[in-house]
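*Asks:* As input, take protein_24.txt (compact mmCIF, C-alpha atoms):
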# COMPACT_ATOMS: atom_id res chain seq x y z
CA MET A 1 -0.45 30.76 -32.35
CA ALA A 2 -2.84 33.28 -30.81
CA GLY A 3 -2.77 36.65 -32.41
CA LYS A 4 -1.82 35.47 -35.85
CA GLU A 5 -4.30 36.28 -38.58
CA ASN A 6 -4.64 34.40 -41.83
CA ASN A 7 -7.53 34.82 -44.24
CA ARG A 8 -9.40 37.09 -41.82
CA MET A 9 -9.44 34.45 -39.02
CA GLN A 10 -7.26 34.44 -35.95
CA CYS A 11 -5.68 31.26 -34.60
CA SER A 12 -7.64 31.55 -31.36
CA GLU A 13 -10.87 31.62 -33.35
CA PHE A 14 -9.67 28.65 -35.38
CA ASP A 15 -8.96 26.76 -32.17
CA ALA A 16 -12.43 27.55 -30.83
CA LEU A 17 -14.09 26.28 -34.02
CA LEU A 18 -11.90 23.20 -34.31
CA SER A 19 -14.26 20.92 -32.40
CA GLN A 20 -17.30 21.95 -34.40
CA ALA A 21 -15.39 21.54 -37.66
CA ILE A 22 -14.29 18.03 -36.76
CA ASP A 23 -17.79 17.16 -35.58
CA GLY A 24 -19.18 18.40 -38.89
CA THR A 25 -21.41 21.01 -37.35
CA LEU A 26 -19.59 23.97 -38.89
CA ALA A 27 -21.09 25.41 -42.08
CA GLY A 28 -21.35 28.51 -44.21
CA GLU A 29 -18.85 31.33 -44.24
CA LYS A 30 -17.30 30.15 -40.99
CA LEU A 31 -16.46 26.83 -42.51
CA THR A 32 -14.94 28.50 -45.57
CA ALA A 33 -12.83 30.81 -43.46
CA PHE A 34 -11.86 27.94 -41.18
CA GLU A 35 -10.68 25.77 -44.06
CA ALA A 36 -8.79 28.64 -45.63
CA HIS A 37 -7.01 29.36 -42.37
CA GLY A 38 -6.16 25.72 -41.97
CA ARG A 39 -4.58 25.60 -45.39
CA GLU A 40 -2.50 28.74 -44.93
CA CYS A 41 -1.50 28.69 -41.26
CA GLN A 42 1.56 26.55 -40.56
CA LEU A 43 0.51 26.03 -36.97
CA CYS A 44 -3.22 25.49 -37.25
CA GLY A 45 -3.05 23.27 -40.34
CA PRO A 46 -1.08 20.47 -38.63
CA LEU A 47 -3.23 20.89 -35.55
CA LEU A 48 -6.34 20.21 -37.58
CA GLN A 49 -4.78 17.12 -39.13
CA GLU A 50 -3.59 15.79 -35.78
CA ALA A 51 -6.96 16.37 -34.16
CA GLU A 52 -8.74 14.57 -36.98
CA ALA A 53 -6.28 11.69 -36.83
CA GLY A 54 -6.64 11.44 -33.08
CA ARG A 55 -10.38 11.36 -33.36
CA SER A 56 -10.12 8.58 -35.94
CA TRP A 57 -7.86 6.58 -33.66
CA LEU A 58 -10.27 7.00 -30.77
CA LYS A 59 -13.29 6.11 -32.85
CA SER A 60 -11.59 2.87 -33.83
CA LEU A 61 -11.77 1.70 -30.24
CA GLU A 62 -14.71 -0.55 -29.61
CA GLU A 63 -16.73 -0.95 -26.51
CA VAL A 64 -15.36 -3.64 -24.25
CA ALA A 65 -17.58 -6.20 -22.59
CA PRO A 66 -17.60 -6.07 -18.81
CA PRO A 67 -17.09 -9.27 -16.79
CA GLU A 68 -20.11 -11.53 -16.59
CA ASP A 69 -20.31 -11.41 -12.84
CA LEU A 70 -19.91 -7.66 -12.54
CA VAL A 71 -23.61 -6.96 -12.01
CA MET A 72 -23.93 -9.71 -9.43
CA ASN A 73 -20.86 -8.50 -7.60
CA VAL A 74 -22.19 -4.96 -7.55
CA LEU A 75 -25.53 -6.14 -6.19
CA LEU A 76 -23.74 -8.30 -3.65
CA ARG A 77 -21.66 -5.40 -2.40
CA THR A 78 -24.56 -2.95 -2.30
CA THR A 79 -27.69 -4.86 -1.35
CA GLY A 80 -26.17 -8.21 -0.42
CA VAL A 81 -28.71 -10.18 -2.40
CA SER A 82 -26.36 -12.07 -4.66
CA THR A 83 -24.57 -15.30 -3.81
CA VAL A 84 -22.57 -15.56 -6.99
CA ARG A 85 -18.83 -15.92 -6.62
CA ARG A 86 -16.64 -13.06 -7.72
CA HIS A 87 -14.83 -14.85 -10.51
CA GLY A 88 -16.85 -17.68 -11.95
CA GLY A 89 -20.50 -18.52 -12.35
CA PRO A 90 -22.55 -20.44 -9.85
CA SER A 91 -22.81 -23.53 -12.03
CA ARG A 92 -19.06 -24.01 -12.01
CA ALA A 93 -18.77 -24.04 -8.23
CA SER A 94 -19.42 -27.40 -6.64
CA TRP A 95 -20.62 -27.71 -3.07
CA MET A 96 -17.20 -28.97 -2.07
CA ASP A 97 -15.64 -25.78 -3.39
CA ARG A 98 -18.15 -23.70 -1.49
CA VAL A 99 -17.53 -25.61 1.74
CA GLY A 100 -13.81 -25.22 1.20
CA GLU A 101 -14.20 -21.54 0.54
CA TRP A 102 -16.27 -20.99 3.65
CA ALA A 103 -13.89 -23.08 5.74
CA GLY A 104 -11.02 -21.01 4.41
CA VAL A 105 -12.80 -17.80 5.31
CA ILE A 106 -13.52 -19.02 8.83
CA ALA A 107 -10.18 -20.69 9.49
CA SER A 108 -7.91 -18.09 7.97
CA PRO A 109 -8.03 -15.66 10.96
CA VAL A 110 -7.26 -18.51 13.36
CA ILE A 111 -4.41 -19.71 11.21
CA ASN A 112 -3.02 -16.23 10.93
CA VAL A 113 -3.08 -15.83 14.70
CA ALA A 114 -1.52 -19.25 15.24
CA ARG A 115 1.31 -18.35 12.90
CA GLN A 116 2.49 -15.62 15.23
CA PRO A 117 5.68 -16.64 17.06
CA ARG A 118 4.37 -16.18 20.60
CA PHE A 119 1.31 -18.36 19.97
CA ALA A 120 3.40 -20.97 18.21
CA MET A 121 5.73 -21.00 21.21
CA SER A 122 2.80 -21.40 23.61
CA PHE A 123 1.38 -24.26 21.56
CA SER A 124 4.72 -26.02 21.45
CA MET A 125 5.19 -25.63 25.20
CA ALA A 126 1.71 -27.00 25.86
CA PHE A 127 2.41 -29.95 23.60
CA PHE A 128 5.73 -30.58 25.28
CA THR A 129 4.15 -30.44 28.74
CA LEU A 130 1.38 -32.80 27.73
CA SER A 131 3.77 -35.29 26.18
CA VAL A 132 6.03 -35.24 29.25
CA THR A 133 3.03 -35.70 31.57
CA LEU A 134 1.72 -38.60 29.58
CA GLY A 135 5.19 -40.11 29.51
CA LEU A 136 5.54 -39.88 33.27
CA ALA A 137 2.09 -41.36 33.74
CA GLY A 138 3.09 -44.30 31.60
CA VAL A 139 0.61 -43.59 28.83
CA LYS A 140 1.80 -44.48 25.39
CA LEU A 141 -0.07 -43.08 22.43
CA SER A 142 0.82 -46.15 20.40
CA ASP A 143 -1.10 -48.29 22.90
CA LEU A 144 -4.31 -46.32 22.49
CA ARG A 145 -5.16 -48.07 19.27
CA HIS A 146 -5.24 -51.38 21.15
CA VAL A 147 -7.79 -50.09 23.63
CA ASP A 148 -10.85 -52.28 23.77
CA LEU A 149 -13.91 -50.09 23.47
CA ARG A 150 -16.52 -52.78 24.12
CA PRO A 151 -18.86 -51.95 27.04
CA SER A 152 -17.83 -54.99 29.03
CA ALA A 153 -14.14 -54.14 28.55
CA ILE A 154 -14.71 -50.53 29.56
CA ARG A 155 -16.61 -51.70 32.68
CA ARG A 156 -13.82 -54.12 33.59
CA ASN A 157 -11.19 -51.39 33.13
CA TYR A 158 -13.22 -49.08 35.32
CA TYR A 159 -13.44 -51.54 38.21
CA GLU A 160 -9.78 -52.49 37.89
CA THR A 161 -8.76 -48.84 38.02
CA GLN A 162 -11.04 -48.22 40.99
CA GLY A 163 -9.56 -51.20 42.83
CA ARG A 164 -6.04 -49.94 42.23
CA VAL A 165 -6.90 -46.50 43.54
CA VAL A 166 -8.56 -47.90 46.70
CA LYS A 167 -5.60 -50.18 47.33
CA TYR A 168 -3.17 -47.30 46.95
CA TYR A 169 -5.22 -45.18 49.34
CA GLU A 170 -5.34 -47.92 51.97
CA ASN A 171 -1.61 -48.45 51.79
CA ILE A 172 -0.96 -44.76 52.23
CA ARG A 173 -3.34 -44.64 55.21
CA ILE A 174 -1.54 -47.51 56.94
CA VAL A 175 1.81 -45.79 56.50
CA TYR A 176 0.51 -42.52 57.96
CA GLU A 177 -1.11 -44.33 60.86
CA PHE A 178 2.10 -46.16 61.66
CA GLU A 179 4.05 -42.90 61.55
CA SER A 180 1.65 -41.19 63.94
CA ARG A 181 1.84 -44.11 66.40
CA VAL A 182 5.62 -43.99 66.36
CA ARG A 183 5.51 -40.23 67.01
CA GLN A 184 3.17 -40.71 69.97
CA PHE A 185 5.38 -43.47 71.40
CA LYS A 186 8.44 -41.23 71.17
CA GLN A 187 6.68 -38.39 72.96
CA ALA A 188 5.58 -40.71 75.74
CA THR A 189 9.08 -42.10 76.38
CA THR A 190 11.02 -38.80 76.14
CA PRO A 191 11.58 -36.91 79.60
CA ALA A 192 9.91 -33.52 80.06
CA GLN A 193 11.91 -30.57 78.75
CA PRO A 194 12.33 -27.35 80.75
CA ALA A 195 10.03 -24.58 79.70
CA PRO A 196 11.65 -22.11 77.38
CA GLU A 197 12.74 -18.83 78.89
CA GLN A 198 10.42 -15.87 78.56
CA PRO A 199 11.96 -13.28 76.33
CA ASN A 200 12.46 -9.86 77.92
CA ASN A 201 10.84 -6.67 76.64
CA ASN A 202 13.79 -5.61 74.54
CA ASP A 203 13.73 -8.89 72.65
CA ARG A 204 10.01 -8.55 72.15
CA LYS A 205 10.42 -5.03 70.75
CA ASP A 206 13.11 -6.22 68.39
CA LYS A 207 10.87 -9.01 67.21
CA THR A 208 8.06 -6.53 66.70
CA LYS A 209 10.36 -4.42 64.59
CA ASP A 210 11.34 -7.39 62.54
CA ASN A 211 7.76 -8.40 61.94
CA THR A 212 7.04 -7.63 58.30
CA SER A 213 3.93 -9.73 58.01
CA GLY A 214 1.68 -6.69 57.96
CA GLN A 215 -0.59 -8.21 60.61
CA PRO A 216 -1.60 -6.01 63.56
CA GLU A 217 0.25 -6.56 66.74
CA GLN A 218 -1.34 -9.03 69.15
CA LYS A 219 -3.02 -7.45 72.16
CA GLN A 220 -1.26 -8.32 75.36
CA GLN A 221 -3.47 -10.13 77.87
CA ARG A 222 -1.83 -8.75 80.95
CA ASN A 223 -3.05 -7.35 84.31
CA TYR A 224 -1.34 -4.02 84.59
CA SER A 225 -2.52 -3.51 88.21
CA GLN A 226 -0.12 -6.27 89.35
CA GLU A 227 2.91 -4.73 87.80
CA GLY A 228 5.60 -3.41 90.11
CA ASN A 229 5.91 -0.09 88.47
CA GLN A 230 2.26 0.86 88.92
CA PRO A 231 1.50 3.66 91.54
CA VAL A 232 0.16 2.43 94.88
CA PHE A 233 -2.79 4.44 96.05
CA ALA A 234 -3.29 2.75 99.45
CA SER A 235 -1.45 0.40 101.73
CA LEU A 236 -3.04 -1.33 104.67
CA PRO A 237 -1.36 -3.36 107.44
CA ASN A 238 -2.51 -6.81 108.28
CA ASP A 239 -4.51 -5.58 111.28
CA PRO A 240 -6.11 -2.38 110.22
CA PRO A 241 -7.47 -0.02 113.02
CA VAL A 242 -11.15 0.60 113.12
CA VAL A 243 -11.72 4.19 112.27
CA ASN A 244 -15.16 5.65 112.04
CA GLY A 245 -16.05 8.41 109.79
CA ALA A 246 -16.56 11.11 112.43
CA THR A 247 -13.10 10.71 113.92
CA TYR A 248 -11.65 10.88 110.49
CA ARG A 249 -13.46 14.09 109.85
CA ARG A 250 -12.15 15.52 113.10
CA PHE A 251 -8.53 15.00 111.97
CA VAL A 252 -9.23 16.70 108.71
CA MET B 253 -37.59 7.35 -16.66
CA ALA B 254 -34.28 7.43 -14.84
CA ALA B 255 -35.72 9.85 -12.30
CA LEU B 256 -38.54 7.44 -11.60
CA LEU B 257 -36.05 4.64 -11.12
CA VAL B 258 -34.08 6.76 -8.71
CA ARG B 259 -37.20 7.65 -6.77
CA ARG B 260 -38.20 3.99 -6.52
CA CYS B 261 -34.69 3.07 -5.46
CA ILE B 262 -34.62 5.71 -2.73
CA SER B 263 -37.91 4.41 -1.43
CA GLY B 264 -36.29 1.00 -0.98
CA ASP B 265 -37.18 -0.83 -4.17
CA ALA B 266 -34.35 -3.31 -4.73
CA ALA B 267 -35.56 -4.14 -8.21
CA ALA B 268 -35.15 -0.49 -9.22
CA TRP B 269 -31.57 -0.49 -8.04
CA GLU B 270 -30.87 -3.66 -9.95
CA GLU B 271 -32.30 -2.08 -13.07
CA ILE B 272 -30.04 0.93 -12.62
CA VAL B 273 -27.05 -1.38 -12.29
CA GLN B 274 -28.09 -3.34 -15.36
CA ARG B 275 -28.59 -0.19 -17.37
CA TYR B 276 -25.38 1.69 -16.52
CA HIS B 277 -22.78 -0.90 -15.63
CA ARG B 278 -21.54 -1.30 -19.20
CA ARG B 279 -21.04 2.39 -19.70
CA ILE B 280 -19.32 2.90 -16.36
CA TYR B 281 -17.09 -0.11 -16.92
CA ASN B 282 -15.95 1.21 -20.29
CA ILE B 283 -15.15 4.64 -18.90
CA CYS B 284 -13.16 3.04 -16.09
CA TYR B 285 -11.39 0.67 -18.46
CA ARG B 286 -10.33 3.39 -20.86
CA PHE B 287 -9.22 5.65 -18.05
CA ALA B 288 -7.49 3.12 -15.79
CA GLY B 289 -6.16 0.91 -18.58
CA SER B 290 -6.69 -2.57 -17.13
CA ASN B 291 -9.61 -4.93 -16.75
CA ASN B 292 -8.97 -5.62 -13.09
CA ASP B 293 -8.85 -1.94 -12.19
CA ALA B 294 -11.95 -1.31 -14.26
CA ASP B 295 -13.79 -4.11 -12.47
CA ASP B 296 -12.87 -2.81 -9.03
CA LEU B 297 -13.51 0.82 -9.93
CA THR B 298 -16.92 0.05 -11.42
CA GLN B 299 -17.95 -1.65 -8.22
CA GLU B 300 -16.67 1.28 -6.22
CA VAL B 301 -18.65 3.67 -8.42
CA PHE B 302 -21.86 1.77 -7.82
CA ILE B 303 -21.22 1.60 -4.09
CA LYS B 304 -20.71 5.35 -4.06
CA MET B 305 -23.85 5.83 -6.13
CA TYR B 306 -25.83 3.59 -3.82
CA ARG B 307 -24.76 5.63 -0.82
CA THR B 308 -25.26 9.05 -2.38
CA LEU B 309 -28.34 8.44 -4.48
CA ASN B 310 -30.25 10.88 -2.28
CA SER B 311 -27.99 13.70 -3.43
CA TYR B 312 -29.09 13.38 -7.05
CA ASP B 313 -31.11 16.45 -8.08
CA MET B 314 -32.95 15.91 -11.32
CA ASP B 315 -33.31 19.66 -11.80
CA ARG B 316 -29.56 20.07 -12.08
CA GLY B 317 -29.04 17.60 -14.88
CA ALA B 318 -29.72 14.23 -16.36
CA PHE B 319 -29.08 11.11 -14.32
CA MET B 320 -26.55 10.00 -16.90
CA THR B 321 -24.55 13.17 -16.30
CA TRP B 322 -24.70 12.60 -12.55
CA VAL B 323 -23.49 9.03 -13.02
CA THR B 324 -20.64 10.27 -15.19
CA THR B 325 -19.72 12.88 -12.59
CA VAL B 326 -19.58 10.27 -9.84
CA THR B 327 -17.48 8.02 -12.05
CA ARG B 328 -15.11 10.78 -13.05
CA ASN B 329 -14.60 11.94 -9.45
CA LEU B 330 -13.78 8.43 -8.34
CA LEU B 331 -11.39 7.94 -11.24
CA VAL B 332 -9.58 11.15 -10.41
CA ASP B 333 -9.29 10.03 -6.78
CA HIS B 334 -7.95 6.70 -7.96
CA PHE B 335 -5.43 8.44 -10.19
CA ARG B 336 -4.21 10.60 -7.34
CA LYS B 337 -3.85 7.63 -5.07
CA THR B 338 -1.96 5.47 -7.50
CA ARG B 339 0.17 8.36 -8.79
CA GLN B 340 0.08 6.96 -12.24
CA GLU B 341 2.86 7.94 -14.60
CA ARG B 342 1.85 10.51 -17.14
CA MET B 343 2.48 10.99 -20.82
CA THR B 344 6.20 11.66 -20.37
CA ASP B 345 6.83 7.93 -20.22
CA SER B 346 8.44 6.24 -23.10
CA LEU B 347 6.14 4.58 -25.55
CA ASP B 348 8.51 1.66 -25.74
CA THR B 349 7.64 0.58 -22.24
CA THR B 350 5.05 -2.13 -21.81
CA SER B 351 2.07 -1.74 -19.60
CA SER B 352 2.02 -3.43 -16.23
CA ASP B 353 -1.09 -5.34 -17.20
CA HIS B 354 0.69 -7.18 -19.99
CA GLU B 355 4.15 -7.85 -18.73
CA ASP B 356 5.06 -10.25 -21.46
CA ALA B 357 3.46 -8.21 -24.22
CA MET B 358 5.43 -6.37 -26.87
CA ALA B 359 6.21 -2.70 -26.49
CA LEU B 360 3.88 -0.19 -28.06
CA GLY B 361 6.25 0.54 -30.90
CA GLU B 362 6.60 -3.16 -31.63
CA ARG B 363 2.89 -3.75 -31.73
CA ILE B 364 2.26 -1.33 -34.56
CA PRO B 365 2.63 -3.28 -37.81
CA ASP B 366 5.50 -2.31 -40.06
CA ARG B 367 3.71 -2.51 -43.38
CA GLY B 368 3.38 1.15 -44.31
CA PRO B 369 -0.29 1.52 -45.14
CA ALA B 370 -2.37 4.48 -43.98
CA PRO B 371 -3.31 4.67 -40.29
CA ASP B 372 -7.01 4.28 -41.02
CA SER B 373 -6.44 0.79 -42.37
CA ARG B 374 -4.12 -0.29 -39.58
CA VAL B 375 -6.52 0.46 -36.76
CA GLN B 376 -8.64 -2.47 -37.85
CA THR B 377 -6.25 -4.89 -36.26
CA ARG B 378 -6.46 -5.78 -32.63
CA GLU B 379 -2.84 -4.86 -32.01
CA ALA B 380 -3.41 -1.39 -33.32
CA LYS B 381 -6.40 -0.94 -31.06
CA GLU B 382 -4.33 -2.07 -28.15
CA ALA B 383 -1.70 0.45 -29.16
CA VAL B 384 -4.28 3.23 -29.18
CA HIS B 385 -5.50 2.11 -25.81
CA GLN B 386 -1.97 2.21 -24.45
CA ALA B 387 -1.35 5.61 -25.97
CA LEU B 388 -4.52 6.86 -24.34
CA GLN B 389 -3.02 6.02 -20.97
CA LYS B 390 -0.13 8.35 -21.75
CA LEU B 391 -2.38 11.38 -21.90
CA SER B 392 -2.78 13.57 -18.89
CA PRO B 393 -5.94 12.81 -16.85
CA GLU B 394 -7.61 16.08 -17.91
CA LEU B 395 -7.15 15.38 -21.62
CA ARG B 396 -7.90 11.69 -21.25
CA GLU B 397 -11.23 12.11 -19.51
CA ALA B 398 -12.31 14.74 -22.02
CA VAL B 399 -11.64 12.62 -25.10
CA ILE B 400 -13.09 9.51 -23.47
CA LEU B 401 -16.37 11.23 -22.71
CA ARG B 402 -16.55 12.87 -26.10
CA ASP B 403 -15.24 10.29 -28.56
CA LEU B 404 -15.93 7.06 -26.72
CA GLN B 405 -19.09 7.90 -24.78
CA ASP B 406 -20.51 10.39 -27.32
CA MET B 407 -21.50 12.94 -24.72
CA ASP B 408 -22.15 16.48 -25.91
CA TYR B 409 -20.01 19.37 -24.75
CA ARG B 410 -22.53 20.70 -22.28
CA GLU B 411 -22.86 17.36 -20.52
CA ILE B 412 -19.11 17.00 -20.39
CA ALA B 413 -18.77 20.50 -19.00
CA THR B 414 -21.31 19.67 -16.30
CA ALA B 415 -19.63 16.39 -15.46
CA LEU B 416 -16.14 17.86 -15.33
CA LYS B 417 -17.29 21.14 -13.73
CA VAL B 418 -15.38 23.26 -16.23
CA PRO B 419 -16.55 25.74 -18.89
CA GLU B 420 -17.62 24.44 -22.25
CA GLY B 421 -14.75 26.23 -23.98
CA THR B 422 -12.29 24.46 -21.73
CA VAL B 423 -13.90 21.17 -22.64
CA LYS B 424 -13.47 21.85 -26.36
CA SER B 425 -9.89 22.92 -25.89
CA ARG B 426 -9.08 19.80 -23.89
CA ILE B 427 -10.70 17.56 -26.46
CA ASN B 428 -8.71 19.15 -29.29
CA ARG B 429 -5.47 18.95 -27.39
CA GLY B 430 -6.17 15.39 -26.33
CA ARG B 431 -6.89 14.23 -29.85
CA ALA B 432 -3.83 15.96 -31.23
CA GLU B 433 -1.60 14.65 -28.47
CA LEU B 434 -2.82 11.12 -29.04
CA ALA B 435 -2.16 11.39 -32.77
CA ARG B 436 1.34 12.77 -32.13
CA LEU B 437 2.10 9.90 -29.76
CA LEU B 438 1.03 7.28 -32.27
CA GLN B 439 2.66 8.99 -35.22
CA ARG B 440 5.91 9.36 -33.34
CA THR B 441 5.90 5.66 -32.63
CA TYR B 442 4.98 4.91 -36.20
CA ARG B 443 7.90 6.99 -37.47
CA GLN B 444 10.24 5.18 -35.09
CA VAL B 445 9.11 1.84 -36.43
CA MET B 446 9.45 2.99 -40.02
Please express the file's structure as structure tokens.

*Replies:*
Amino acid sequence: MAGKENNRMQCSEFDALLSQAIDGTLAGEKLTAFEAHGRECQLCGPLLQEAEAGRSWLKSLEEVAPPEDLVMNVLLRTTGVSTVRRHGGPSRASWMDRVGEWAGVIASPVINVARQPRFAMSFSMAFFTLSVTLGLAGVKLSDLRHVDLRPSAIRRNYYETQGRVVKYYENIRIVYEFESRVRQFKQATTPAQPAPEQPNNNDRKDKTKDNTSGQPEQKQQRNYSQEGNQPVFASLPNDPPVVNGATYRRFV
Amino acid sequence: MAALLVRRCISGDAAAWEEIVQRYHRRIYNICYRFAGSNNDADDLTQEVFIKMYRTLNSYDMDRGAFMTWVTTVTRNLLVDHFRKTRQERMTDSLDTTSSDHEDAMALGERIPDRGPAPDSRVQTREAKEAVHQALQKLSPELREAVILRDLQDMDYREIATALKVPEGTVKSRINRGRAELARLLQRTYRQVM
């Protein structure tokens, strides 16, 4: 298209003036030359018609009305001053809906977490443990509805439970006392047992090696001066001679 | 007037910000609706535009242009970002496909009435307007934004050039190409129906 010349106007010039011509701001000789080029040029003529048709199509479009709550939502998201719901006016929302909406907002994270398999497994295990414990303790959930909640009944249940606990404790104490007496009687009638042999040093070393408790080794409370393998620095007979210091010096 | 509003808003006047929202939300919504094609997207995008405006209101320089042009620039930039993110299909799509917003609606070619009168008379019907709106979505983003700002928002070429950050000649060229492309799309469909 560029470079062609019809009626003293090039296609590039026609293209540059196309917007002004469609807008109606082109006049005078330029308009005459423009129209003449449009009539004669096989490329620019259809272009002019298409551009005019396209503009007509676009001008047929009307302005659309934005949603009613758009302004309130914008203010809510920018300044946080609006309390209007996103879709629907405030008059249509009852207080029950609002409470439900807030409860949903608060509870949804918890529900989402609880839906995870590991938490669901933990909850089921806790429930299973609780039910088994209650079953072993003899508590039946079906009996709870028959519980008398009057103060006098609660007081009576309290004292009955306390009496049962004290009775159980006393019985257990008697059994333990009887067992300890029997143990003492057995010890008194049984002959004395020989003392266990002292383990030698090798056994003690082996035991020390086997000790994996991590505790430091116990200090031995022994008198090393009485051991047979200690060096003897002096030995005196039963009747030692009286030696004075001068004589001793004379020998030396 | 707008500059005064902006100054009051920057100084913390909530009423000034609300007035800005009241004054420009309709225009921004329409630009978003014509560019994105659906009411839901337009609603979300308009809110995003105002959030961006609220955060960057300090960057508005009244010496560099009118506040309306700045608002349009912010809107256009966000729309382009949205287009890049969603990777919307361009004009090469078939006109016989329905839009995702109206799954059970008729195809574009089916919505144009088969009566044979001139196009100027047919655009009076709602279906024809919807067809134009759908055809507008088939234009490339560069052509679409140019014709929207010119023919739907009645901005002059200089304002459009400032908003789009391109020379004025480029703006005129895009507008011409966009109008012609739109007419070709609709005429092609019309010929198929005939």

*Asks:* For chain A against chain B, which residues fall within 10 Å using all atoms listed in the file, given as number ranges by chain?

*Replies:* A: 15-20, 22, 46-67, 69-79, 81

*Asks:* Just give me the gap between atom CA of B:Thr414 and atom CA of B:Arg316 in Å, one decimal is fine.

*Replies:* 9.3 Å

*Asks:* Work out how far atom CA of A:Val165 is from atom CA of A:Phe128, in Å to one decimal.

*Replies:*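 Taking atom CA of A:Phe128 and atom CA of A:Val165, their separation equals 27.3 Å.
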
*Asks:* Can you list, as a CSV table (one decimal) with C-alpha atoms, in the frame of the given file, every protein, DNA or RNA residue that comes within 12 Å of B:Ser263 when you count all atoms listed in the file, leaving out same-chain residues fewer than 6 positions away?

*Replies:*
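Full text of around_1.csv as output:
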chain,number,residue,atom,x,y,z
B,256,LEU,CA,-38.5,7.4,-11.6
B,257,LEU,CA,-36.0,4.6,-11.1
B,269,TRP,CA,-31.6,-0.5,-8.0
B,309,LEU,CA,-28.3,8.4,-4.5
B,310,ASN,CA,-30.2,10.9,-2.3

*Asks:* So how many Å separate atom CA of B:Gly264 and atom CA of B:Val323, to one decimal?

*Replies:*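 The value is 19.3 Å.
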